[in-house]
$ cat upload.tsv   # TSV, C-alpha atoms and all ligand atoms
chain	number	residue	atom	x	y	z
I	933	MET	CA	-16.10	-138.51	138.70
I	934	MET	CA	-13.36	-139.31	141.23
I	935	SER	CA	-11.18	-136.36	140.23
I	936	GLU	CA	-14.12	-134.04	140.58
I	937	LEU	CA	-14.82	-135.26	144.12
I	938	ARG	CA	-11.13	-135.03	144.92
I	939	GLN	CA	-11.16	-131.39	143.87
I	940	GLN	CA	-14.25	-130.80	145.99
I	941	LEU	CA	-12.51	-132.22	149.08
I	942	ASP	CA	-9.41	-130.13	148.44
I	943	GLN	CA	-11.63	-127.08	148.20
I	944	ILE	CA	-13.42	-127.95	151.45
I	945	LYS	CA	-10.10	-128.34	153.21
I	946	ALA	CA	-8.70	-125.06	151.87
I	947	ASP	CA	-11.85	-123.08	152.66
I	948	GLY	CA	-12.23	-124.68	156.07
I	949	LEU	CA	-8.63	-123.95	157.10
I	950	ALA	CA	-8.98	-120.35	155.93
I	951	GLU	CA	-12.19	-119.84	157.90
I	952	ILE	CA	-10.70	-121.40	161.02
I	953	ALA	CA	-7.74	-119.05	160.80
I	954	ALA	CA	-10.09	-116.09	160.36
I	955	ALA	CA	-12.45	-116.96	163.24
I	956	ALA	CA	-12.18	-114.07	165.71
I	957	ASP	CA	-13.50	-115.77	168.83
I	958	LEU	CA	-14.85	-119.01	170.24
I	959	PRO	CA	-18.46	-118.63	168.95
I	960	ALA	CA	-17.18	-117.89	165.42
I	961	LEU	CA	-14.96	-120.95	165.64
I	962	GLU	CA	-17.90	-123.10	166.72
I	963	ALA	CA	-19.89	-121.89	163.70
I	964	VAL	CA	-17.03	-122.96	161.40
I	965	ARG	CA	-16.93	-126.36	163.10
I	966	VAL	CA	-20.64	-126.92	162.51
I	967	LYS	CA	-20.36	-125.79	158.92
I	968	TYR	CA	-17.56	-128.23	158.03
I	969	LEU	CA	-17.64	-131.05	160.58
I	970	GLY	CA	-21.23	-131.01	161.79
I	971	ARG	CA	-23.76	-133.76	161.03
I	972	LYS	CA	-24.88	-131.84	157.95
I	973	GLY	CA	-21.47	-130.23	157.34
I	974	SER	CA	-19.50	-130.27	154.09
I	975	VAL	CA	-17.26	-133.19	155.05
I	976	GLN	CA	-20.24	-135.39	155.91
I	977	THR	CA	-21.98	-134.41	152.68
I	978	ALA	CA	-18.86	-135.44	150.77
I	979	PHE	CA	-18.79	-138.80	152.60
I	980	GLU	CA	-22.34	-139.41	151.54
I	981	LYS	CA	-21.18	-139.46	147.92
I	982	LEU	CA	-19.14	-142.60	148.64
I	983	PRO	CA	-21.81	-145.16	147.59
I	984	THR	CA	-22.11	-143.47	144.20
I	985	LEU	CA	-18.49	-144.35	143.35
I	986	PRO	CA	-17.36	-147.59	141.72
I	987	LYS	CA	-16.17	-150.10	144.33
I	988	GLU	CA	-12.45	-149.81	143.42
I	989	GLU	CA	-12.41	-146.08	143.95
I	990	ARG	CA	-14.14	-146.05	147.30
I	991	PRO	CA	-11.12	-146.81	149.57
I	992	ALA	CA	-9.01	-144.00	148.09
I	993	PHE	CA	-11.85	-141.52	148.36
I	994	GLY	CA	-12.64	-142.60	151.91
I	995	ALA	CA	-9.02	-142.10	152.92
I	996	LEU	CA	-8.96	-138.64	151.40
I	997	ALA	CA	-12.19	-137.65	153.13
I	998	ASN	CA	-10.75	-138.85	156.47
I	999	GLN	CA	-7.62	-136.80	155.90
I	1000	THR	CA	-9.69	-133.72	155.20
I	1001	ARG	CA	-11.71	-134.24	158.38
I	1002	ASP	CA	-8.56	-134.81	160.47
I	1003	ALA	CA	-6.81	-131.73	159.11
I	1004	LEU	CA	-9.80	-129.53	159.93
I	1005	THR	CA	-10.23	-131.09	163.39
I	1006	THR	CA	-6.58	-130.47	164.30
I	1007	ALA	CA	-6.68	-126.86	163.09
I	1008	LEU	CA	-9.88	-126.25	165.07
I	1009	GLN	CA	-8.39	-127.66	168.27
I	1010	GLU	CA	-5.24	-125.60	167.95
I	1011	ARG	CA	-7.14	-122.39	167.42
I	1012	LYS	CA	-9.51	-123.18	170.27
I	1013	ALA	CA	-6.57	-123.77	172.63
I	1014	LEU	CA	-5.11	-120.43	171.59
I	1015	PHE	CA	-8.30	-118.58	172.51
I	1016	GLU	CA	-8.63	-120.38	175.80
I	1017	SER	CA	-5.06	-119.69	176.92
I	1018	ALA	CA	-4.75	-116.08	175.82
I	1019	GLY	CA	-8.31	-114.88	176.25
I	1020	GLY	CA	-8.49	-114.49	172.49
I	1021	PRO	CA	-6.01	-113.14	169.96
I	1022	ARG	CA	-7.16	-109.59	170.63
I	1023	GLY	CA	-7.02	-109.91	174.40
I	1024	PRO	CA	-9.95	-109.56	176.76
I	1025	LYS	CA	-12.69	-107.13	175.89
I	1026	LEU	CA	-11.85	-103.85	177.53
I	1027	ASP	CA	-14.41	-101.23	178.46
I	1028	LEU	CA	-12.47	-98.00	178.83
I	1029	THR	CA	-15.51	-96.15	180.13
I	1030	LEU	CA	-15.76	-98.27	183.32
I	1031	PRO	CA	-14.84	-96.34	186.48
I	1032	GLY	CA	-11.59	-97.57	188.10
I	1033	ARG	CA	-11.57	-99.77	191.16
I	1034	ALA	CA	-10.65	-97.70	194.20
I	1035	PRO	CA	-7.85	-99.47	196.08
I	1036	VAL	CA	-8.52	-99.99	199.77
I	1037	ILE	CA	-6.09	-97.68	201.55
I	1038	GLY	CA	-5.12	-98.72	205.05
I	1039	ARG	CA	-3.92	-96.46	207.82
I	1040	PRO	CA	-1.79	-96.75	210.94
I	1041	HIS	CA	-3.51	-98.27	213.97
I	1042	PRO	CA	-4.65	-95.62	216.51
I	1043	ILE	CA	-2.03	-96.89	218.97
I	1044	THR	CA	0.66	-96.41	216.32
I	1045	GLN	CA	-0.67	-92.93	215.53
I	1046	VAL	CA	-0.53	-91.87	219.17
I	1047	THR	CA	2.91	-93.43	219.65
I	1048	ASP	CA	4.20	-91.56	216.59
I	1049	GLU	CA	2.81	-88.27	217.90
I	1050	VAL	CA	4.37	-88.78	221.36
I	1051	VAL	CA	7.72	-89.60	219.77
I	1052	ARG	CA	7.47	-86.60	217.43
I	1053	ILE	CA	7.03	-84.21	220.36
I	1054	PHE	CA	9.96	-85.68	222.30
I	1055	ARG	CA	12.16	-85.53	219.22
I	1056	ARG	CA	11.48	-81.80	219.04
I	1057	MET	CA	12.58	-81.64	222.70
I	1058	GLY	CA	15.94	-83.20	221.80
I	1059	PHE	CA	15.24	-86.87	222.60
I	1060	SER	CA	16.34	-89.68	220.31
I	1061	VAL	CA	14.51	-93.00	219.95
I	1062	ALA	CA	15.69	-96.38	221.24
I	1063	ASP	CA	14.31	-99.87	220.97
I	1064	GLY	CA	14.57	-103.05	223.04
I	1065	PRO	CA	13.42	-106.67	223.01
I	1066	ASP	CA	9.90	-107.78	224.05
I	1067	ILE	CA	11.41	-110.99	225.42
I	1068	GLU	CA	13.56	-110.05	228.38
I	1069	THR	CA	15.43	-111.60	231.26
I	1070	GLU	CA	14.53	-111.13	234.91
I	1071	TYR	CA	17.77	-109.21	235.24
I	1072	TYR	CA	16.77	-106.41	232.85
I	1073	ASN	CA	13.07	-106.39	233.69
I	1074	PHE	CA	13.57	-106.40	237.49
I	1075	ASP	CA	17.00	-106.82	239.12
I	1076	ALA	CA	18.89	-104.08	237.27
I	1077	LEU	CA	15.94	-101.80	238.05
I	1078	ASN	CA	16.48	-102.31	241.78
I	1079	THR	CA	13.66	-104.85	242.04
I	1080	PRO	CA	15.19	-108.03	243.54
I	1081	ALA	CA	13.37	-111.38	243.53
I	1082	ASP	CA	11.76	-110.89	246.96
I	1083	HIS	CA	10.57	-107.35	246.23
I	1084	PRO	CA	6.79	-106.87	246.52
I	1085	ALA	CA	6.82	-104.68	243.38
I	1086	ARG	CA	7.23	-107.90	241.40
I	1087	ASP	CA	3.74	-109.00	242.41
I	1088	VAL	CA	1.99	-106.12	240.68
I	1089	GLN	CA	3.98	-106.83	237.53
I	1090	ASP	CA	3.36	-110.54	237.25
I	1091	THR	CA	4.13	-111.66	233.74
I	1092	PHE	CA	4.35	-114.50	231.26
I	1093	TYR	CA	7.46	-116.58	231.52
I	1094	ILE	CA	9.02	-118.10	228.42
I	1095	GLU	CA	11.44	-120.18	230.50
I	1096	ARG	CA	10.73	-119.91	234.21
I	1097	GLU	CA	14.00	-121.54	235.39
I	1098	LYS	CA	16.16	-119.32	233.20
I	1099	GLY	CA	14.18	-116.20	234.09
I	1100	VAL	CA	13.20	-115.49	230.48
I	1101	LEU	CA	9.97	-113.52	230.33
I	1102	LEU	CA	7.84	-111.05	228.39
I	1103	ARG	CA	8.72	-107.57	229.63
I	1104	THR	CA	6.16	-105.94	231.91
I	1105	HIS	CA	7.27	-102.40	231.06
I	1106	THR	CA	9.64	-100.54	228.74
I	1107	SER	CA	11.93	-99.62	231.66
I	1108	PRO	CA	14.43	-102.46	230.97
I	1109	VAL	CA	15.42	-100.58	227.81
I	1110	GLN	CA	16.80	-97.83	230.10
I	1111	VAL	CA	19.34	-100.39	231.26
I	1112	HIS	CA	20.19	-101.57	227.73
I	1113	VAL	CA	20.72	-97.99	226.60
I	1114	MET	CA	22.92	-97.04	229.57
I	1115	GLU	CA	25.00	-100.22	229.20
I	1116	LYS	CA	25.82	-99.22	225.63
I	1117	GLN	CA	26.21	-95.48	226.02
I	1118	GLN	CA	27.91	-93.01	228.33
I	1119	PRO	CA	26.02	-89.91	229.56
I	1120	PRO	CA	24.51	-87.61	228.55
I	1121	VAL	CA	21.53	-89.73	227.56
I	1122	ARG	CA	18.22	-88.45	226.26
I	1123	VAL	CA	15.99	-91.18	224.80
I	1124	VAL	CA	12.38	-92.21	224.44
I	1125	VAL	CA	11.47	-95.86	223.97
I	1126	PRO	CA	8.10	-96.83	222.51
I	1127	GLY	CA	7.18	-100.49	222.85
I	1128	ARG	CA	4.80	-103.30	223.69
I	1129	CYS	CA	4.49	-104.68	227.21
I	1130	TYR	CA	2.80	-107.69	228.78
I	1131	ARG	CA	1.25	-108.48	232.12
I	1132	ARG	CA	-0.76	-111.28	233.62
I	1133	ASP	CA	-3.59	-108.86	234.28
I	1134	GLU	CA	-7.25	-109.72	234.42
I	1135	ILE	CA	-8.62	-108.31	231.14
I	1136	ASP	CA	-11.32	-105.65	231.56
I	1137	ALA	CA	-12.26	-102.24	230.12
I	1138	THR	CA	-9.03	-100.62	231.35
I	1139	HIS	CA	-6.59	-103.55	231.60
I	1140	HIS	CA	-5.15	-105.86	229.01
I	1141	ALA	CA	-2.48	-108.55	228.99
I	1142	ASN	CA	-0.83	-106.67	226.17
I	1143	PHE	CA	-0.41	-102.90	226.02
I	1144	HIS	CA	2.03	-100.17	225.01
I	1145	GLN	CA	4.24	-97.70	226.79
I	1146	VAL	CA	6.62	-94.92	225.94
I	1147	GLU	CA	9.60	-94.81	228.28
I	1148	GLY	CA	11.78	-91.74	228.70
I	1149	LEU	CA	15.25	-91.33	230.18
I	1150	TYR	CA	17.32	-88.19	230.60
I	1151	VAL	CA	20.75	-88.41	232.26
I	1152	ASP	CA	23.19	-85.53	232.55
I	1153	ARG	CA	24.90	-83.40	235.18
I	1154	ASN	CA	22.51	-81.55	237.48
I	1155	VAL	CA	19.24	-82.91	236.14
I	1156	SER	CA	16.62	-82.03	238.74
I	1157	VAL	CA	13.00	-82.65	239.66
I	1158	ALA	CA	12.28	-79.22	238.17
I	1159	ASN	CA	13.46	-80.51	234.77
I	1160	LEU	CA	11.28	-83.60	235.16
I	1161	MET	CA	8.16	-81.65	236.02
I	1162	GLY	CA	8.71	-78.86	233.51
I	1163	ASP	CA	9.45	-81.24	230.63
I	1164	CYS	CA	6.48	-83.48	231.41
I	1165	GLU	CA	4.11	-80.56	231.67
I	1166	PHE	CA	5.41	-79.12	228.40
I	1167	PHE	CA	5.00	-82.49	226.70
I	1168	PHE	CA	1.40	-83.06	227.81
I	1169	LYS	CA	0.39	-79.55	226.81
I	1170	GLN	CA	1.90	-80.14	223.38
I	1171	LEU	CA	0.01	-83.41	223.07
I	1172	LEU	CA	-3.38	-82.52	224.51
I	1173	GLY	CA	-3.57	-78.74	224.29
I	1174	PRO	CA	-2.55	-75.72	226.39
I	1175	GLU	CA	-5.48	-76.12	228.76
I	1176	THR	CA	-4.21	-79.48	229.92
I	1177	ARG	CA	-3.26	-79.59	233.59
I	1178	VAL	CA	-0.70	-81.95	235.08
I	1179	ARG	CA	-0.41	-83.10	238.69
I	1180	PHE	CA	2.46	-84.98	240.33
I	1181	ARG	CA	1.41	-87.34	243.11
I	1182	PRO	CA	4.14	-88.88	245.32
I	1183	HIS	CA	4.43	-92.58	244.65
I	1184	PHE	CA	6.89	-95.44	244.84
I	1185	PHE	CA	8.92	-97.13	242.14
I	1186	PRO	CA	12.04	-99.16	242.98
I	1187	PHE	CA	14.01	-97.60	240.11
I	1188	THR	CA	13.34	-93.95	240.96
I	1189	GLU	CA	13.75	-91.85	244.11
I	1190	PRO	CA	11.75	-89.72	244.59
I	1191	SER	CA	8.92	-91.12	242.48
I	1192	TYR	CA	5.64	-89.70	241.27
I	1193	GLU	CA	2.57	-90.63	239.36
I	1194	ILE	CA	1.42	-88.08	236.83
I	1195	ASP	CA	-2.29	-87.30	236.66
I	1196	LEU	CA	-3.87	-85.41	233.80
I	1197	ASN	CA	-6.81	-83.15	233.55
I	1198	SER	CA	-7.72	-82.01	230.06
I	1199	PRO	CA	-10.77	-80.37	228.45
I	1200	ALA	CA	-11.63	-83.70	226.80
I	1201	LEU	CA	-11.57	-85.43	230.19
I	1202	ARG	CA	-13.61	-82.70	231.84
I	1203	MET	CA	-16.20	-83.04	229.09
I	1204	ALA	CA	-16.37	-86.76	229.77
I	1205	GLY	CA	-17.07	-85.92	233.42
I	1206	ARG	CA	-13.67	-87.19	234.62
I	1207	GLU	CA	-11.43	-85.27	236.98
I	1208	TRP	CA	-7.87	-86.56	237.16
I	1209	LEU	CA	-6.63	-89.55	235.21
I	1210	GLU	CA	-3.41	-91.37	236.05
I	1211	ILE	CA	-1.29	-91.40	232.94
I	1212	ALA	CA	2.36	-92.07	233.78
I	1213	GLY	CA	4.94	-92.98	236.40
I	1214	CYS	CA	8.14	-91.03	236.78
I	1215	GLY	CA	10.92	-89.98	239.10
I	1216	MET	CA	14.60	-89.31	239.55
I	1217	VAL	CA	16.71	-92.30	238.53
I	1218	ASN	CA	17.64	-94.29	241.64
I	1219	PRO	CA	21.43	-94.34	242.22
I	1220	ARG	CA	21.18	-98.15	242.49
I	1221	VAL	CA	20.17	-98.26	238.82
I	1222	PHE	CA	23.18	-96.13	237.85
I	1223	GLU	CA	25.38	-98.53	239.82
I	1224	SER	CA	24.06	-101.55	237.94
I	1225	VAL	CA	25.07	-99.98	234.60
I	1226	GLY	CA	28.38	-98.57	235.84
I	1227	TYR	CA	27.45	-94.88	235.90
I	1228	ASP	CA	28.87	-92.85	238.78
I	1229	PRO	CA	25.88	-91.60	240.84
I	1230	GLU	CA	28.03	-88.82	242.27
I	1231	GLN	CA	28.51	-87.36	238.80
I	1232	TRP	CA	25.24	-88.05	237.07
I	1233	THR	CA	21.61	-87.49	237.85
I	1234	GLY	CA	18.60	-88.19	235.69
I	1235	TYR	CA	14.89	-88.47	235.42
I	1236	ALA	CA	12.82	-91.24	233.90
I	1237	PHE	CA	9.18	-91.76	233.07
I	1238	GLY	CA	6.89	-94.37	231.54
I	1239	MET	CA	3.48	-93.63	230.12
I	1240	GLY	CA	0.65	-95.82	228.84
I	1241	VAL	CA	-0.12	-95.26	225.16
I	1242	GLU	CA	-3.60	-96.82	225.35
I	1243	ARG	CA	-4.51	-94.47	228.19
I	1244	ILE	CA	-3.50	-91.47	226.11
I	1245	ALA	CA	-5.38	-92.75	223.06
I	1246	MET	CA	-8.47	-93.29	225.22
I	1247	ILE	CA	-8.34	-89.68	226.43
I	1248	LEU	CA	-7.60	-88.27	222.97
I	1249	TYR	CA	-10.41	-90.13	221.25
I	1250	GLY	CA	-12.89	-90.58	224.08
I	1251	ILE	CA	-12.67	-94.39	224.03
I	1252	ASP	CA	-13.97	-96.16	227.11
I	1253	ASP	CA	-12.84	-99.74	226.51
I	1254	ILE	CA	-9.22	-100.74	225.95
I	1255	ARG	CA	-10.24	-104.03	224.33
I	1256	LEU	CA	-11.46	-102.18	221.22
I	1257	PHE	CA	-7.81	-101.58	220.26
I	1258	TYR	CA	-7.06	-105.28	219.84
I	1259	GLU	CA	-10.25	-106.68	218.30
I	1260	ASN	CA	-9.36	-105.60	214.76
I	1261	ASP	CA	-12.92	-104.55	214.06
I	1262	LEU	CA	-12.71	-102.37	210.96
I	1263	ARG	CA	-15.80	-100.40	212.00
I	1264	PHE	CA	-13.72	-99.19	214.94
I	1265	LEU	CA	-10.37	-98.83	213.20
I	1266	ARG	CA	-11.72	-96.90	210.21
I	1267	GLN	CA	-12.60	-94.00	212.50
I	1268	PHE	CA	-8.96	-92.99	212.98
I	1301	LIG	N1	7.73	-98.87	234.54
I	1301	LIG	C1	6.65	-98.28	235.30
I	1301	LIG	C2	5.37	-99.07	235.05
I	1301	LIG	O1	5.26	-99.74	234.11
I	1301	LIG	C3	6.40	-96.87	234.87
I	1301	LIG	C4	7.55	-96.00	235.23
I	1301	LIG	C5	7.60	-95.39	236.48
I	1301	LIG	C6	8.61	-95.83	234.36
I	1301	LIG	C7	8.65	-94.59	236.82
I	1301	LIG	C8	9.68	-95.01	234.71
I	1301	LIG	C9	9.67	-94.40	235.95
I	1301	LIG	O2	10.72	-94.81	233.91
I	1301	LIG	O3	10.71	-93.62	236.29
I	1301	LIG	O4	4.49	-99.02	235.86

$ encode --input "upload.tsv" --output "structure tokens"
Amino acid sequence: MMSELRQQLDQIKADGLAEIAAAADLPALEAVRVKYLGRKGSVQTAFEKLPTLPKEERPAFGALANQTRDALTTALQERKALFESAGGPRGPKLDLTLPGRAPVIGRPHPITQVTDEVVRIFRRMGFSVADGPDIETEYYNFDALNTPADHPARDVQDTFYIEREKGVLLRTHTSPVQVHVMEKQQPPVRVVVPGRCYRRDEIDATHHANFHQVEGLYVDRNVSVANLMGDCEFFFKQLLGPETRVRFRPHFFPFTEPSYEIDLNSPALRMAGREWLEIAGCGMVNPRVFESVGYDPEQWTGYAFGMGVERIAMILYGIDDIRLFYENDLRFLRQF
């Protein structure tokens, strides 16, 4: 009697282990568990034979039945853990007919696009590209550009100071990079400088505390106002089309003499009902600026300009509010 039951238990254990090993997924494994270890499973049924045995044989049989149950339980847990960690021995179910997920492709910000286009045109005209720090000193932002501390031009370019006493500030224009470039390099110089600028301006549809400029500087022998005007006109026609018209209005900047503001009139502007739009400042480099970088003003002349990138983008795309550029609203940005 006992040996027969013993054989039965051995068989249950062997069959159970084989079925556990063969279970292909978690539901199949659960079915095996119910079949062997459930309330009406084979192990329980074997246990129920216990009272039919003579008293002396019961402890040995009980121990064997427990061993069988423990062996199956351990094997089940191990296999279950395997499925849960690896997503099943055959990996996750894969539907090869599903369409792929389209990755979201970004694009350069409209300000970056316009900056790149401006730089591309000037590169074709023989300019190289320079860069300078956003955090400047009063010396580079003002003094070296012939704008001493008591100069009224400082009022219209009020800025954010990092350290007021040390004169460390956020640059109000890209013009200080002219000085950095000339300090490092002897003439001839022909650079454009794209970059971010800051001013303590009241924010409205056309002003922001943070905006972008492209600065230009050309120094050589015999550079004249004719070069300045011809090059600027050529540039704007390249950028906005051959029907673009350019106007130079006399103006004042401390770092140029004479100085002009450049106004634009393009088909896009005319369509929007606008006449002339101020787009840039420019002029012939003031000899005082050459002196502050150690260039000889008797030998060298040059022109310089600075233009607002947002302004250009607004004309190009017909945008009427500068704040749209900085709100990071994808409905706006996706249009470019
Ligand atoms: N820095 C001037 C501004 O931000 C623009 C400008 C005017 C730049 C004349 C120049 C220049 O290089 O020659 O208003």

$ atom_distance --input "upload.tsv" --atom1 "CA of Asp957 in chain I" --atom2 "CA of Ser1017 in chain I"
12.3 Å

$ residues_around --input "upload.tsv" --residues "Glu980 in chain I" --least-positions-apart "5" --cutoff "12 Å" --atoms "all atoms listed in the file" --output "NGL selection string"
:I and (937 or 971-975 or 985 or 990 or 993-994 or 997)

$ closest_residue --input "upload.tsv" --among "I:Glu1175, I:Asp1002, I:Glu1147, I:Glu1223" --to "ligand LIG 1301 (chain I)" --atoms "only C-alpha atoms and all ligand atoms"
I:Glu1147

$ atom_distance --input "upload.tsv" --atom1 "CA of His1105 in chain I" --atom2 "CA of Leu1077 in chain I"
11.2 Å

$ axis_aligned_box --input "upload.tsv" --around "range 1133-1147 of chain I" --padding-each-side "3 Å" --output "lines of an AutoDock Vina configuration file"
center_x = -1.3
center_y = -102.3
center_z = 229.7
size_x = 27.9
size_y = 20.9
size_z = 15.4

$ residues_near_ligand --input "upload.tsv" --ligand "ligand LIG 1301 (chain I)" --cutoff "10 Å" --atoms "all atoms listed in the file" --output "PDB file with C-alpha atoms, in the frame of the given file"
ATOM      1  CA  ASN I1073      13.070-106.390 233.690  1.00  0.00           C
ATOM      2  CA  PHE I1074      13.570-106.400 237.490  1.00  0.00           C
ATOM      3  CA  LEU I1077      15.940-101.800 238.050  1.00  0.00           C
ATOM      4  CA  ALA I1085       6.820-104.680 243.380  1.00  0.00           C
ATOM      5  CA  VAL I1088       1.990-106.120 240.680  1.00  0.00           C
ATOM      6  CA  GLN I1089       3.980-106.830 237.530  1.00  0.00           C
ATOM      7  CA  ARG I1103       8.720-107.570 229.630  1.00  0.00           C
ATOM      8  CA  THR I1104       6.160-105.940 231.910  1.00  0.00           C
ATOM      9  CA  HIS I1105       7.270-102.400 231.060  1.00  0.00           C
ATOM     10  CA  THR I1106       9.640-100.540 228.740  1.00  0.00           C
ATOM     11  CA  SER I1107      11.930 -99.620 231.660  1.00  0.00           C
ATOM     12  CA  PRO I1108      14.430-102.460 230.970  1.00  0.00           C
ATOM     13  CA  VAL I1109      15.420-100.580 227.810  1.00  0.00           C
ATOM     14  CA  GLN I1110      16.800 -97.830 230.100  1.00  0.00           C
ATOM     15  CA  VAL I1124      12.380 -92.210 224.440  1.00  0.00           C
ATOM     16  CA  CYS I1129       4.490-104.680 227.210  1.00  0.00           C
ATOM     17  CA  TYR I1130       2.800-107.690 228.780  1.00  0.00           C
ATOM     18  CA  ARG I1131       1.250-108.480 232.120  1.00  0.00           C
ATOM     19  CA  HIS I1144       2.030-100.170 225.010  1.00  0.00           C
ATOM     20  CA  GLN I1145       4.240 -97.700 226.790  1.00  0.00           C
ATOM     21  CA  VAL I1146       6.620 -94.920 225.940  1.00  0.00           C
ATOM     22  CA  GLU I1147       9.600 -94.810 228.280  1.00  0.00           C
ATOM     23  CA  GLY I1148      11.780 -91.740 228.700  1.00  0.00           C
ATOM     24  CA  LEU I1149      15.250 -91.330 230.180  1.00  0.00           C
ATOM     25  CA  TYR I1150      17.320 -88.190 230.600  1.00  0.00           C
ATOM     26  CA  HIS I1183       4.430 -92.580 244.650  1.00  0.00           C
ATOM     27  CA  PHE I1184       6.890 -95.440 244.840  1.00  0.00           C
ATOM     28  CA  PHE I1185       8.920 -97.130 242.140  1.00  0.00           C
ATOM     29  CA  PRO I1186      12.040 -99.160 242.980  1.00  0.00           C
ATOM     30  CA  PHE I1187      14.010 -97.600 240.110  1.00  0.00           C
ATOM     31  CA  THR I1188      13.340 -93.950 240.960  1.00  0.00           C
ATOM     32  CA  GLU I1189      13.750 -91.850 244.110  1.00  0.00           C
ATOM     33  CA  PRO I1190      11.750 -89.720 244.590  1.00  0.00           C
ATOM     34  CA  SER I1191       8.920 -91.120 242.480  1.00  0.00           C
ATOM     35  CA  TYR I1192       5.640 -89.700 241.270  1.00  0.00           C
ATOM     36  CA  GLU I1193       2.570 -90.630 239.360  1.00  0.00           C
ATOM     37  CA  ILE I1194       1.420 -88.080 236.830  1.00  0.00           C
ATOM     38  CA  ILE I1211      -1.290 -91.400 232.940  1.00  0.00           C
ATOM     39  CA  ALA I1212       2.360 -92.070 233.780  1.00  0.00           C
ATOM     40  CA  GLY I1213       4.940 -92.980 236.400  1.00  0.00           C
ATOM     41  CA  CYS I1214       8.140 -91.030 236.780  1.00  0.00           C
ATOM     42  CA  GLY I1215      10.920 -89.980 239.100  1.00  0.00           C
ATOM     43  CA  MET I1216      14.600 -89.310 239.550  1.00  0.00           C
ATOM     44  CA  VAL I1217      16.710 -92.300 238.530  1.00  0.00           C
ATOM     45  CA  ASN I1218      17.640 -94.290 241.640  1.00  0.00           C
ATOM     46  CA  GLY I1234      18.600 -88.190 235.690  1.00  0.00           C
ATOM     47  CA  TYR I1235      14.890 -88.470 235.420  1.00  0.00           C
ATOM     48  CA  ALA I1236      12.820 -91.240 233.900  1.00  0.00           C
ATOM     49  CA  PHE I1237       9.180 -91.760 233.070  1.00  0.00           C
ATOM     50  CA  GLY I1238       6.890 -94.370 231.540  1.00  0.00           C
ATOM     51  CA  MET I1239       3.480 -93.630 230.120  1.00  0.00           C
ATOM     52  CA  GLY I1240       0.650 -95.820 228.840  1.00  0.00           C
TER      53      GLY I1240
END

$ closest_residue --input "upload.tsv" --among "I:Asp1090, I:Asp1133, I:Asp1152, I:Glu1049" --to "Phe1167 in chain I" --atoms "all atoms listed in the file"
I:Glu1049

$ residues_near_point --input "upload.tsv" --point "(22.8, -96.6, 233.1)" --cutoff "9 Å" --atoms "only C-alpha atoms" --output "PDB file with C-alpha atoms, in the frame of the given file"
ATOM      1  CA  GLN I1110      16.800 -97.830 230.100  1.00  0.00           C
ATOM      2  CA  VAL I1111      19.340-100.390 231.260  1.00  0.00           C
ATOM      3  CA  HIS I1112      20.190-101.570 227.730  1.00  0.00           C
ATOM      4  CA  VAL I1113      20.720 -97.990 226.600  1.00  0.00           C
ATOM      5  CA  MET I1114      22.920 -97.040 229.570  1.00  0.00           C
ATOM      6  CA  GLU I1115      25.000-100.220 229.200  1.00  0.00           C
ATOM      7  CA  LYS I1116      25.820 -99.220 225.630  1.00  0.00           C
ATOM      8  CA  GLN I1117      26.210 -95.480 226.020  1.00  0.00           C
ATOM      9  CA  GLN I1118      27.910 -93.010 228.330  1.00  0.00           C
ATOM     10  CA  PRO I1119      26.020 -89.910 229.560  1.00  0.00           C
ATOM     11  CA  VAL I1121      21.530 -89.730 227.560  1.00  0.00           C
ATOM     12  CA  VAL I1151      20.750 -88.410 232.260  1.00  0.00           C
ATOM     13  CA  VAL I1221      20.170 -98.260 238.820  1.00  0.00           C
ATOM     14  CA  PHE I1222      23.180 -96.130 237.850  1.00  0.00           C
ATOM     15  CA  GLU I1223      25.380 -98.530 239.820  1.00  0.00           C
ATOM     16  CA  SER I1224      24.060-101.550 237.940  1.00  0.00           C
ATOM     17  CA  VAL I1225      25.070 -99.980 234.600  1.00  0.00           C
ATOM     18  CA  GLY I1226      28.380 -98.570 235.840  1.00  0.00           C
ATOM     19  CA  TYR I1227      27.450 -94.880 235.900  1.00  0.00           C
TER      20      TYR I1227
END

$ closest_residue --input "upload.tsv" --among "I:Ile952, I:Arg1206, I:Pro1065, I:Arg1263" --to "Lys1012 in chain I" --atoms "all atoms listed in the file"
I:Ile952

$ closest_residue --input "upload.tsv" --among "I:Glu1230, I:Arg1266, I:Ala1204, I:Pro1174" --to "Gly1250 in chain I" --atoms "all atoms listed in the file"
I:Ala1204

$ atom_distance --input "upload.tsv" --atom1 "CA of Pro1219 in chain I" --atom2 "CA of Thr1233 in chain I"
8.1 Å

$ closest_residue --input "upload.tsv" --among "I:Asp1195, I:Asp1252, I:Glu1070, I:Asp1027" --to "Met1161 in chain I" --atoms "all atoms listed in the file"
I:Asp1195

$ closest_residue --input "upload.tsv" --among "I:Pro1120, I:Asn1078, I:Ala1200, I:Arg1096" --to "Met1246 in chain I" --atoms "all atoms listed in the file"
I:Ala1200
